[in-house]
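Here's the structure, in structure tokens; my notes come after.
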Amino acid sequence: MLATSPAFKQNAAHAMADAGLQKALARTRPQFPAKRAAAVANLPEFEQLREIGKQIKNHTLTNLDFYLETFAANVERAGGHVHWCSTADDARAAVLNICQQAGARTVTKGKSMISEELGINQHLEAHDITPVETDLGEYILQLRDEPPSHIIAPAFHLNREDWEASFRKSHTDLPADRVFHERRDILTEARTRLREKFLAADVGITGANFLIAETGTSVIVTNEGNGDLTQTLPRVHIVLASIEKTVPTLEDTISLLRLLARSATGQDFSVYTTFSTGPRRADDVDGPAEYHVILLDNGRSAMMGTEFQDMLRCIRCAACLNHCPVYSTVGGHSYGWVYPGPMGSVLTPALIGVDQSALLPNASTFCGKCESVCPMKIPLPGMMRHWREKEFERHLTPATVRSGLAVWAWFARRPAVYRLATRAGMWTLGLLGRKKGKFTKLPLAGGWTEGRDLPAPEGETFFARYAREQRAGRA
Amino acid sequence: MSKEQILGAIRRGLRRGPLPEDQAMALRARLAAHPRHLIPARSRLPRPDQILLFVRNLEKEFATVARVPEADAVPGVVADYLAAQNLPPSFAMAPHPELQALPWDSRPLLTRREGRAEASDQVTVQHGYAGIAETGTLMLPGGPRRPTTLNLLSETEIVVLRASRVVGAYEEAFDLLRAELVPAGGMLPRNVMLVTGPSRSADIESTLELGAHGPRRLHVVLIDDDSAALA
Ligand code: SF4
């Protein structure tokens with residue numbers, strides 16, 4: 001995926017002026033935190049489990065080479081194949097090769113952030129293979145040629161009108177005057193349409209929430225069941241997973257699962273948590289005949305042993321996005337690459353280079369909320385500070401930012417004043433700013449915009465640019 | 001080679017070479033022992049309360065439950081449920097001996113086909129391997145007697161489960177799985193599903209709708225075969 005992270009400021013300004021997005025944000029802003037809080041309150045051991053989760057992942061990372069080799073050996077013992085891929089190019093080539101070997105014409109896909117990272121869809125399309133996203137949110141984004149704006153609720157930024165308009169535009173074989181009385185009707189139309197795709201697909205591609213070394217198993221977690229249909233019906237199942245998804249045992253996985261859904265959607269457990277080990281057995285009556293795991297590095301191993309190693313504990317629950325005042329104001333697209341919000345502000349510079357994403361670690365009020373809700377206790381604000389220091393050292397920062405940092409530092413040493421200043425701006429400045437041609441204050445990022453003006457969007461929008469670049473084949 | 005490249009980069013980051021043999025042995029011992037971590041207290045209950053917790057959690061997750069005193073009552077409960085839901089009295093059923101042994105002939109209007117599910121199946125009947133009280137979760141390992149597609153393709157899935165197979169925590173269900181379905185030195189079944197309620201999505205305006213891609217209804221018929229579980 002092409003990064004528009006260097007244009008974070010323009011993206012953010014555009015986002016704050018986007019009435020549809022602001023409506024969606026207003027709807028979701030209170031929802032996720034309330035649900036998580038209720039789920040956590042219901043499990044008195046939650047804090048202890050966070051510490052356990054952190055230790056499990058730290059243990060795994062300290063021995064990552066061992067556990068990866070064990071995982072791969074067990075996948076092969078179960079009759080599956082592991083494809084070690086250092087780079088995005090390696091992974092794209094491996095996926096394409098498997099699809100071509102299978103003679104695939106259509107490929108169904110479960111939700112996978114790695115797929116976004118790799119731009120798998122564009123790569124397959126360029127080789128005359130049709131990818132079909134089957135997660136409801138990912139499906140509409142594919143119809144609209146938009147990237148996800150959230151790592152677990154990819155289309156939360158859309159409103160009902162957008163769904164209806166996109167379905168009318170894309171499902172042209174259905175009566176144009178059909179009425180969508182309620183959300184259920186939208187869902188039913190998608191269910192019917194995608195059911196045909198599930199049945200026709202030659203290959204199914206899913207992500208993985210965990211890779212279990214002990215058993216050579218990949219785990220997916222969904223609520224819709226699309227991931228299960230994707231990995232059960234076609235003849236070939238491909239798993240896209242990055243190396244840090246590894247965990248030693250089933251018991252370790254269970255402990256992390258107790259944290260995942262509660263932190264993500266506020267459910268006690270997701271509807272479908274599915275463990276896949278190798279291809280179907282000789283006497284099985286369903287399941288894929290081939291099972292492949294793409295093990296992707298793409299910059300992660302370089303984080304080992306650095307101040308960013310802790311980021312590899314991330315289980316992609318999105319709690320840090322859902323509780324972030326900046327994310328809740330500008331949405332996910334502003335961040336300009338696959339991973340938005342606090343976790344993205346740490347991960348993106350590591351994966352695509354700080355020169356491409358220098359502004360992201362600044363997109364923070366340093367309120368500390370992300371770290372306080374992170375089930376893996378990742379010190380996100382601290383790592384964002386590390387990036388800022390690195391960027392400062394490298395003089396990648398414009399002079400205005402360097403002087404702005406002094407202002408930020410003043411605030412940062414006075415947390416109470418800082419919180420007050422940022423909180424006061426939270427709900428009002430977006431509205432005020434929209435009336436002017438420029439934003440003198442970015443809501444919630446007081447320290448960040450202090451002393452600088454944010455130009456109102458000009459020229460091409462993020463979406464227009466995204467669509468154009470995708471068409472030009474730059475993935 | 002990508003593999004050597006990746007492992008080499010990880011080791012460089014960790015400032016060491018391949019793990020020394022004694023450390024590798026300790027890790028292999030940890031894998032073999034697969035120690036449990038903290039198990040939340042919520043499921044550590046007397047047997048009757050554990051079953052009640054299971055039922056309460058199923059209902060909280062939008063599943064429905066019918067408790068029957070004995071296996072012979074299952075066909076009647078299934079027939080009544082289908083009639084009440086205005087569903088046709090026919091279904092695809094898991095070819096599991098426990099399901100096959102049920103007195104289906106007592107309800108002659110019910111028709112069934114055994115095997116995997118097809119896209120045209122409106123109703124499927126699955127054999128429940130284990131229930132997990134902690135979150136009202138069903139453990140459904142795939143295999144010739146419990147095809148995975150039965151959990152996915154129908155609009156309505158009915159799971160028949162014996163109360164004696166309800167455990168408190170996930171760990172206990174995986175213990176059963178390891179002991180019963182994983183041959184020594186062997187592998188897990190290709191597919192082990194943990195199912196908690198019917199399929200759903202909140203992708204449209206962050207509002208929950210049931211029945212996204214999998215079953216819209218999940219009905220659990222719980223056979224009270226565990227005298228200790230009866231209060
Ligand atoms: S950084 Fe923490 S809170 Fe954010 S997605 Fe990762 S695990 Fe969740």
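Residue numbering restarts at 1 in every chain; chains get A, B, ... in the order shown in the structure tokens, and ligands count up from 1 in that same order.
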Expected answer as a ChimeraX atom specification: residues within 9 Å of ligand 1, only C-alpha atoms and all ligand atoms: /A:151,260,263-264,311-323,341-344,346,370-380
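If you take only C-alpha atoms and a cut-off of 6 Å, the residues of chain A that reach chain B are Asp65, Trp84, Cys85, Ser86, Gly137, Asn159, Arg191, Glu214, Asn223, Glu224, Gly225, Asn226, Thr249, Glu251, Val271, Tyr272, Thr273, Thr274, Phe275, Ser276, Thr277, Gly278, Arg280, Asp283, Asp284, Val285, Ser301, Met304 and Gly305 of chain A.
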Exercise: A:Ser5 partners within 9 Å, only C-alpha atoms, chain neighbours under 5 positions left out, as a count of residues only: 11
Backbone DSSP call of helix (DSSP H, G or I) for stretch 130-311 of chain A, listed as an MDAnalysis selection string: chainID A and resid 136:144 160:170 183:200 226:232 243:245 250:264 301:303 309:311
Nearby residues (only C-alpha atoms) at most 10 Å from stretch 88-93 of chain B, same-chain spacing under 2 positions excluded, as JSON, numbers by chain: {"B": [78, 79, 80, 81, 82, 83, 85, 86, 95, 96, 99, 100, 107, 108, 109, 110, 111, 112, 113, 114, 115, 116, 117, 118, 120, 121, 122, 123, 124, 125, 126, 127, 145, 146, 147, 150, 154, 156, 157, 158, 159]}
Backbone DSSP call of strand (DSSP E) for stretch 185-387 of chain A, listed as a PyMOL selection string: chain A and resi 203-206+210-212+217-222+236-242+246-247+272-276+290-296
Selection near stretch 162-165 of chain B, 6 Å with only C-alpha atoms, sequence-local residues under 5 positions removed, as a PyMOL selection string: chain B and resi 130+222-226
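Nearest to A:Asp310 of all the residues A:Ser364, A:Thr329, A:Thr62, A:Gln10 is A:Thr62, based on only C-alpha atoms.
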Contacts of A:Leu194 at 10 Å (only C-alpha atoms; same-chain gap of 6+ positions) as a list in words: Thr108, Val132, Glu133, Thr134, Asp135, Leu136, Tyr139, Thr188, Ala200 and Asn226 of chain A; His213 of chain B
Those same residues, written as a PDB file, in the first residue's frame with N, CA, C and O atoms?
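This went into selection-v3.pdb:
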```pdb
ATOM      1  N   THR A 108     -11.000 -15.915  -2.429  1.00  0.00           N
ATOM      2  CA  THR A 108     -11.713 -15.207  -1.367  1.00  0.00           C
ATOM      3  C   THR A 108     -10.722 -14.864  -0.264  1.00  0.00           C
ATOM      4  O   THR A 108      -9.720 -15.557  -0.070  1.00  0.00           O
ATOM      5  N   VAL A 132     -11.528 -11.420  -3.721  1.00  0.00           N
ATOM      6  CA  VAL A 132     -12.817 -10.955  -3.195  1.00  0.00           C
ATOM      7  C   VAL A 132     -12.714 -10.868  -1.679  1.00  0.00           C
ATOM      8  O   VAL A 132     -12.531 -11.870  -0.993  1.00  0.00           O
ATOM      9  N   GLU A 133     -12.819  -9.655  -1.162  1.00  0.00           N
ATOM     10  CA  GLU A 133     -12.828  -9.476   0.294  1.00  0.00           C
ATOM     11  C   GLU A 133     -14.177  -9.965   0.828  1.00  0.00           C
ATOM     12  O   GLU A 133     -15.216  -9.646   0.258  1.00  0.00           O
ATOM     13  N   THR A 134     -14.162 -10.709   1.924  1.00  0.00           N
ATOM     14  CA  THR A 134     -15.415 -11.283   2.418  1.00  0.00           C
ATOM     15  C   THR A 134     -15.830 -10.757   3.783  1.00  0.00           C
ATOM     16  O   THR A 134     -16.980 -10.923   4.183  1.00  0.00           O
ATOM     17  N   ASP A 135     -14.917 -10.153   4.524  1.00  0.00           N
ATOM     18  CA  ASP A 135     -15.340  -9.450   5.735  1.00  0.00           C
ATOM     19  C   ASP A 135     -16.243  -8.320   5.240  1.00  0.00           C
ATOM     20  O   ASP A 135     -15.910  -7.628   4.276  1.00  0.00           O
ATOM     21  N   LEU A 136     -17.387  -8.151   5.885  1.00  0.00           N
ATOM     22  CA  LEU A 136     -18.361  -7.191   5.389  1.00  0.00           C
ATOM     23  C   LEU A 136     -17.739  -5.805   5.185  1.00  0.00           C
ATOM     24  O   LEU A 136     -17.934  -5.170   4.143  1.00  0.00           O
ATOM     25  N   TYR A 139     -15.338  -5.822   2.353  1.00  0.00           N
ATOM     26  CA  TYR A 139     -16.031  -5.983   1.072  1.00  0.00           C
ATOM     27  C   TYR A 139     -16.445  -4.628   0.521  1.00  0.00           C
ATOM     28  O   TYR A 139     -16.187  -4.296  -0.632  1.00  0.00           O
ATOM     29  N   THR A 188     -28.076  -8.665   4.322  1.00  0.00           N
ATOM     30  CA  THR A 188     -28.579  -9.831   3.589  1.00  0.00           C
ATOM     31  C   THR A 188     -28.109  -9.805   2.136  1.00  0.00           C
ATOM     32  O   THR A 188     -27.732 -10.835   1.576  1.00  0.00           O
ATOM     33  N   ALA A 200     -17.448 -20.397  -5.164  1.00  0.00           N
ATOM     34  CA  ALA A 200     -16.745 -20.451  -6.446  1.00  0.00           C
ATOM     35  C   ALA A 200     -15.225 -20.359  -6.296  1.00  0.00           C
ATOM     36  O   ALA A 200     -14.488 -20.659  -7.234  1.00  0.00           O
ATOM     37  N   ASN A 226     -16.812 -15.309   8.137  1.00  0.00           N
ATOM     38  CA  ASN A 226     -16.279 -15.246   6.776  1.00  0.00           C
ATOM     39  C   ASN A 226     -14.897 -15.878   6.678  1.00  0.00           C
ATOM     40  O   ASN A 226     -14.566 -16.520   5.677  1.00  0.00           O
TER      41      ASN A 226
ATOM     42  N   HIS B 213     -22.226 -14.117   7.956  1.00  0.00           N
ATOM     43  CA  HIS B 213     -21.947 -15.144   6.952  1.00  0.00           C
ATOM     44  C   HIS B 213     -22.256 -16.539   7.450  1.00  0.00           C
ATOM     45  O   HIS B 213     -22.587 -17.427   6.692  1.00  0.00           O
TER      46      HIS B 213
END
```
Show me, as a PDB file with N, CA, C and O atoms, in the first residue's frame, the residues that have an atom within 10 Å of B:Ser106 when counting only C-alpha atoms, minus same-chain residues fewer than 3 positions from it.
```pdb
ATOM      1  N   ASP B  72     -33.111 -39.438  24.577  1.00  0.00           N
ATOM      2  CA  ASP B  72     -34.280 -39.813  23.788  1.00  0.00           C
ATOM      3  C   ASP B  72     -35.207 -38.637  23.491  1.00  0.00           C
ATOM      4  O   ASP B  72     -36.009 -38.689  22.561  1.00  0.00           O
ATOM      5  N   ALA B  73     -35.079 -37.595  24.291  1.00  0.00           N
ATOM      6  CA  ALA B  73     -35.965 -36.436  24.097  1.00  0.00           C
ATOM      7  C   ALA B  73     -35.485 -35.508  22.978  1.00  0.00           C
ATOM      8  O   ALA B  73     -36.216 -34.598  22.568  1.00  0.00           O
ATOM      9  N   PRO B  75     -34.906 -35.729  19.561  1.00  0.00           N
ATOM     10  CA  PRO B  75     -35.638 -35.546  18.300  1.00  0.00           C
ATOM     11  C   PRO B  75     -36.897 -34.697  18.471  1.00  0.00           C
ATOM     12  O   PRO B  75     -37.184 -33.827  17.635  1.00  0.00           O
ATOM     13  N   GLY B  76     -37.609 -34.906  19.573  1.00  0.00           N
ATOM     14  CA  GLY B  76     -38.820 -34.128  19.811  1.00  0.00           C
ATOM     15  C   GLY B  76     -38.513 -32.646  19.973  1.00  0.00           C
ATOM     16  O   GLY B  76     -39.184 -31.779  19.402  1.00  0.00           O
ATOM     17  N   LEU B 102     -29.765 -41.614  18.218  1.00  0.00           N
ATOM     18  CA  LEU B 102     -30.974 -40.974  18.757  1.00  0.00           C
ATOM     19  C   LEU B 102     -32.217 -41.531  18.051  1.00  0.00           C
ATOM     20  O   LEU B 102     -32.153 -41.894  16.873  1.00  0.00           O
ATOM     21  N   PRO B 103     -33.345 -41.601  18.764  1.00  0.00           N
ATOM     22  CA  PRO B 103     -34.567 -42.204  18.191  1.00  0.00           C
ATOM     23  C   PRO B 103     -35.278 -41.261  17.223  1.00  0.00           C
ATOM     24  O   PRO B 103     -36.374 -40.776  17.500  1.00  0.00           O
ATOM     25  N   LEU B 109     -41.806 -37.120  10.807  1.00  0.00           N
ATOM     26  CA  LEU B 109     -41.823 -36.028   9.829  1.00  0.00           C
ATOM     27  C   LEU B 109     -40.439 -35.414   9.608  1.00  0.00           C
ATOM     28  O   LEU B 109     -40.218 -34.699   8.638  1.00  0.00           O
ATOM     29  N   LEU B 110     -39.523 -35.692  10.531  1.00  0.00           N
ATOM     30  CA  LEU B 110     -38.170 -35.148  10.376  1.00  0.00           C
ATOM     31  C   LEU B 110     -37.406 -35.939   9.319  1.00  0.00           C
ATOM     32  O   LEU B 110     -37.355 -37.163   9.376  1.00  0.00           O
TER      33      LEU B 110
END
```
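The space between atom CA of B:Ala71 and atom CA of B:Ile132 spans 20.2 Å.
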One-decimal distance in Å that lies between atom CA of B:Leu58 and atom CA of B:Ala133: 8.6 Å
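Going from atom CA of A:Arg29 to atom CA of A:Ser328 covers 6.1 Å.
Checking A:His123, A:Arg160, A:His386, A:His14 one by one against A:Arg183, counting only C-alpha atoms, you find the shortest gap at A:Arg160.
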